[in-house]
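Participant: Handing you a structure now.
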Amino acid sequence: MKIIPFLLIPYLLFTPWTNAQDATEKPFLHRLFTDNMVLQREIATPVWGWTKAGTRISVSLNGKEAKTKADANGKWIAKLPAQPAGGPYELKVSGQQEVTLVNVMLGDVWICSGQSNMEWSMRGTNNSKEEIAAANHPNIRLYTVAKKISLEPQEQVSGQWQVCSPQTIGGFSAVGFFFGRKLQKDLNVSIGLINSSWGGTICEAWASAEALNELDDFKPAIVRLKEMIAEQNDKKKTLEKKMQKWWMKNDPGSAKGAAWEKTETSTKDWKTMGLPKGWEQGGLGNFDGIVWFRKEVTIPEDWAGKDLTLGLGPIDDRDTTWFNGVEVGKMNIWNKARSYKVPGKVVKAGKNDIAIRVLDTGGGGGLYGQPEDLKLSVVGDKKSKPISLAGDWNYKDTTPLAKTSPAPKRAGSNPNYPSYLFNGMIAPLIPSAIKGAIWYQGESNASSGLQYRTLLPTMIKDWRTRFGVGEFPFYVVQLANFMRVEKQPTNPAWAHLREAQLMTALNDPNCGLAVIIDLGIANDIHPRNKQDVGLRLALSALGQAYGKDIVYSGPTYKTMKVEGNAIRLTFDHVGGGLVAKGAGELKGFAIAGADKTFVWADATIDGNEVVVSSKEIEKPTMVRYAWANNPVCNFYNKEGLPASPFRTDK
């Protein structure tokens, strides 16, 4: 069985442009800060955004206030003083704008990151219908970071904190939720979960270029990265010019002298479509190509001259949007909501025009979000009721995709390049105050176990340094059992990757390991039992980060001693005692002599130790346990936590 196809599918289905921008300019308040969020308790909490240079900013929460001033680049950052868990509160930010966020909690914030098994949603887990229906947890809050690739660290992020409920949990990380559910129940504080994950991705994509440049294996890639940044900066304007020429050549509405974005453009011969709706359901059938949309909207007198926010929801695939003939935004990503600023100088009382040019290159097309996504609102004004844009729009299809020439493209849609995902999906979160992180990744690095021994600790150190909240807890999910069961002892790549994960946890006092060698599926790289994965992560956190007096780990190999024709093993984390799960004899142990030829061994529990031997090995020197891609093994402690795979030889 080949592993690669499983790993490639998640990112082949989703390939956004490198450095796609969320909006035309930086927001007054960073988009991580929204209603319903959780702020980290008991440490100083940074709040930040952008405004006019020199502007004084005040931030307040629960009677505590922090003041600051925007720097020469317009960026401001204020640190609220440490406060205990509690809420709900209002977070108020005052400066050039006034923003009030509601239903804000103080609790613990955890980043949930990795590849597809972390991204895996609640809809795909065991007992999904029952779990989703019961997921009414108002003190758990959810934030999903939009997938984004970037050559350089980004400051912007898009997303919205949501209260955990049956209506909001379905698409969220199942491992993240089950981890948070256990913490919230046991700690009785609000838990904020930030899901920043992407299926099929490599560990080095999640580390910064500066950190990777300290590792010899990655220095050539970082040199090339710097070259790509220079090339992109040189070619960016050229690409925009090429795209403009492409529009003029392939789209009648963009041709010289046409300019359908202008307010005087007649729509008498255009058809109407109720939006939001995929245009396949709106009368266009399976059309791929270019479609124009226009809508006339009436602006009240007291909105004239004010900056507006134009929300359009997600658009499949590429849009360019104008307000009264002035371009206000464009994006080329099929599943990200559009939110564009309309400058006040183009906003007038009475009739105003919105024009959108959409290019769909396959599959669904058009504005397909929810009715509440389509709206106009005054920037920073929560009192004025937004104007809904849902309903009938005029539309005109122009050129089918089959009749257009290939559109110019940026290179680099594959997320698997060193630092790409750190830049696009972790850097925008910095310098958030967080409690810690959980990590489920390794399948895409399984062929490089030795390299992973330094790569993962380097990434962890990098994150800790950049977030600036100390040596925060970091908990790793060890790879599950996977692929066919082998009849004889082997020395496979997945065992070495698991060992690298174990070594990372053992060598870092603030790192823990969730062993799931018993939860895998032979023919599927995605175990469906995410409940126990989340639970074991939470036990590690409760025992290590929160100091609870619990057994939070299965047996971990400690020492060995040769006793004649047997080897005696000792362990940490024996809990209430060692057991062979399911009764009967211990399974999964192999033994070898100096020639390292392993055979299956007899293993017996002797108090809190295990004695391993084989009639075939007279002078044993080493033991391995569960050292296979998909081992048959049953070594646990009485608390039901499995032992980590290990070997005594190195």
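Identifiers in the structure tokens: chain A, B, ... in order shown; residue index from 1 per chain; ligand index from 1 in order shown.
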Excluding A:Trp198 and residues on its chain fewer than 6 positions from it, collect all residues at most 9 Å away from it, counting only C-alpha atoms, and give them as a ChimeraX atom specification.

Facilitator: /A:10-11,113-116,118-119,147,415,421

Participant: Since we have the selection now, will you write its residues out, keeping N, CA, C and O atoms, as a short mmCIF file (atom, residue, chain, number, x, y, z; two decimals), in the first residue's frame?

Facilitator:
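Listed below is the output, again_27.cif:
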data_model
loop_
_atom_site.label_atom_id
_atom_site.label_comp_id
_atom_site.auth_asym_id
_atom_site.auth_seq_id
_atom_site.Cartn_x
_atom_site.Cartn_y
_atom_site.Cartn_z
N PRO A 10 -5.68 16.02 0.52
CA PRO A 10 -6.19 17.23 1.18
C PRO A 10 -5.73 18.52 0.55
O PRO A 10 -6.51 19.46 0.44
N TYR A 11 -4.44 18.63 0.12
CA TYR A 11 -4.05 19.92 -0.41
C TYR A 11 -4.26 20.03 -1.90
O TYR A 11 -4.31 21.11 -2.45
N SER A 113 -2.95 22.37 15.86
CA SER A 113 -2.31 22.45 14.55
C SER A 113 -1.82 21.08 14.09
O SER A 113 -1.74 20.13 14.86
N GLY A 114 -1.47 21.01 12.80
CA GLY A 114 -0.97 19.78 12.23
C GLY A 114 -1.54 19.53 10.85
O GLY A 114 -1.90 20.46 10.14
N GLN A 115 -1.67 18.24 10.48
CA GLN A 115 -2.17 17.93 9.16
C GLN A 115 -3.56 17.34 9.24
O GLN A 115 -4.34 17.73 10.12
N SER A 116 -3.94 16.42 8.34
CA SER A 116 -5.36 16.09 8.17
C SER A 116 -6.02 15.49 9.41
O SER A 116 -7.21 15.69 9.62
N MET A 118 -5.59 16.39 12.44
CA MET A 118 -6.01 17.50 13.28
C MET A 118 -7.13 18.27 12.59
O MET A 118 -8.08 18.72 13.23
N GLU A 119 -7.03 18.42 11.29
CA GLU A 119 -8.07 19.12 10.54
C GLU A 119 -9.38 18.34 10.52
O GLU A 119 -10.46 18.93 10.40
N LYS A 147 -7.04 28.69 5.46
CA LYS A 147 -5.83 28.17 4.83
C LYS A 147 -5.17 29.25 3.98
O LYS A 147 -5.84 29.91 3.18
N PRO A 415 1.31 23.75 -0.44
CA PRO A 415 1.70 24.22 0.90
C PRO A 415 2.97 23.59 1.43
O PRO A 415 3.51 24.06 2.43
N LEU A 421 3.50 27.66 5.68
CA LEU A 421 2.31 27.69 6.53
C LEU A 421 2.55 28.43 7.84
O LEU A 421 1.62 29.01 8.40
#

Participant: When distances are computed from only C-alpha atoms, which of A:Gly170, A:Gly350, A:Gly278, A:Gly283 shows the smallest separation from A:Trp334?

Facilitator: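 Of all the options, A:Gly278 lies closest to A:Trp334.
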
Participant: Tell me which protein, DNA and RNA residues are within 9 Å of stretch 94-99 of chain A, counting only C-alpha atoms, leaving out same-chain ones fewer than 6 positions away, and put them as a VMD selection string.

Facilitator: chain A and resid 28 to 29 51 to 52 55 to 60 379 to 382

Participant: Between A:Val223, A:Val358, A:Ile550, A:Leu497, which one has atoms that come closest to A:Leu455, using only C-alpha atoms?

Facilitator: A:Leu497

Participant: Within 8 Å of A:Ile202, counting only C-alpha atoms, which residues qualify if same-chain residues fewer than 4 places away don't, as a list in words?

Facilitator: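 The residues satisfying every condition are Gln115, Trp206, Asn416, Tyr417, Gln441, Gly442, Ser444 and Asn445 of chain A.
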
Participant: With N, CA, C and O atoms retained, export the selected residues as a compact mmCIF listing (two decimals), in the first residue's frame.

Facilitator:
# COMPACT_ATOMS: atom_id res chain seq x y z
N GLN A 115 -1.67 18.24 10.48
CA GLN A 115 -2.17 17.93 9.16
C GLN A 115 -3.56 17.34 9.24
O GLN A 115 -4.34 17.73 10.12
N TRP A 206 5.53 24.45 8.82
CA TRP A 206 4.95 25.14 9.97
C TRP A 206 5.99 25.84 10.83
O TRP A 206 5.65 26.41 11.88
N ASN A 416 3.43 22.52 0.80
CA ASN A 416 4.56 21.77 1.35
C ASN A 416 5.91 22.33 0.93
O ASN A 416 6.68 21.68 0.21
N TYR A 417 6.18 23.53 1.42
CA TYR A 417 7.50 24.13 1.26
C TYR A 417 7.88 24.76 2.60
O TYR A 417 7.02 25.31 3.30
N GLN A 441 0.59 15.62 13.73
CA GLN A 441 1.26 15.67 12.43
C GLN A 441 2.41 14.68 12.45
O GLN A 441 2.92 14.33 13.51
N GLY A 442 2.83 14.24 11.30
CA GLY A 442 3.95 13.32 11.21
C GLY A 442 3.83 12.35 10.06
O GLY A 442 4.83 11.86 9.54
N SER A 444 3.20 12.93 7.02
CA SER A 444 3.90 13.44 5.83
C SER A 444 5.40 13.53 6.01
O SER A 444 6.12 13.84 5.06
N ASN A 445 5.89 13.29 7.22
CA ASN A 445 7.34 13.25 7.48
C ASN A 445 7.80 11.84 7.86
O ASN A 445 8.92 11.65 8.34

Participant: Would you mind listing what lies within 8 Å of A:Asn286 as number ranges by chain, with only C-alpha atoms counted and same-chain residues fewer than 5 positions away left out?

Facilitator: A: 280, 363-364

Participant: Smallest atom-to-atom distance to A:Ile460: which of A:Gly344, A:Pro84, A:Trp393, A:Ser208, using only C-alpha atoms?

Facilitator: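 Selected residue with least distance to A:Ile460: A:Ser208.
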
Participant: From the set A:Ala211, A:Lys396, A:Arg338, A:Ser190, which residue has the shortest atom-to-atom contact distance to A:Trp279, counting only C-alpha atoms?

Facilitator: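 Among the listed residues, the smallest separation from A:Trp279 belongs to A:Lys396.
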
Participant: Near stretch 316-329 of chain A, counting only C-alpha atoms, which residues have an atom at most 9 Å away, once you skip same-chain residues fewer than 6 positions from it, shown as JSON, numbers by chain?

Facilitator: {"A": [22, 23, 24, 259, 260, 261, 262, 263, 278, 310, 335, 336, 338, 339, 340, 341, 342, 343, 346, 347, 352, 353, 354, 355, 356, 357, 358, 359, 360, 361, 362, 363, 364, 365, 366, 367, 368]}

Participant: For A:Gln488, which of A:Asn629, A:Phe646, A:Met425, A:Ser377 is the closest residue, counting only C-alpha atoms?

Facilitator: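 The answer is A:Asn629, which sits nearest to A:Gln488.
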
Participant: Measuring between only C-alpha atoms, which one of A:Met331, A:Ala174, A:Leu519, A:Ala643 shows the shortest distance to A:Glu131?

Facilitator: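 Counting only C-alpha atoms, the residue closest to A:Glu131 is A:Ala174.
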
Participant: To test your reading of the structure, identify every residue in stretch 255-443 of chain A that backbone DSSP assigns to helix (DSSP H, G or I), and report it as a PyMOL selection string.

Facilitator: chain A and resi 280-284+301-303+344-346+371-373+401-403+420-429+443

Participant: Got a sec to tell me which of stretch 386-539 of chain A DSSP assigns to strand (DSSP E or B), as a list in words?

Facilitator: Ile387, Ser388, Gly391, Asp392, Trp393, Asn394, Tyr395, Lys396, Asp397, Thr398, Thr399, Pro400, Gly436, Ala437, Ile438, Trp439, Tyr440, Phe474, Tyr475, Val476, Val477, Cys511, Gly512, Leu513, Ala514, Ile521 and Asp524 of chain A

Participant: Could you work out how far atom CA of A:Val477 lies from atom CA of A:Tyr440, giving the answer in Å with one decimal?

Facilitator: 5.0 Å

Participant: Neighbouring residues of stretch 397-400 of chain A were defined as those with any atom within 9 Å, considering only C-alpha atoms; residues of the same chain fewer than 4 positions away were excluded. Please report them as a list in words.

Facilitator: Asn250, Asp251, Pro252, Gly253, Trp270, Leu284, Phe287, Asp288, Gly289, Ile290, Val291, Trp292, Phe293 and Thr404 of chain A
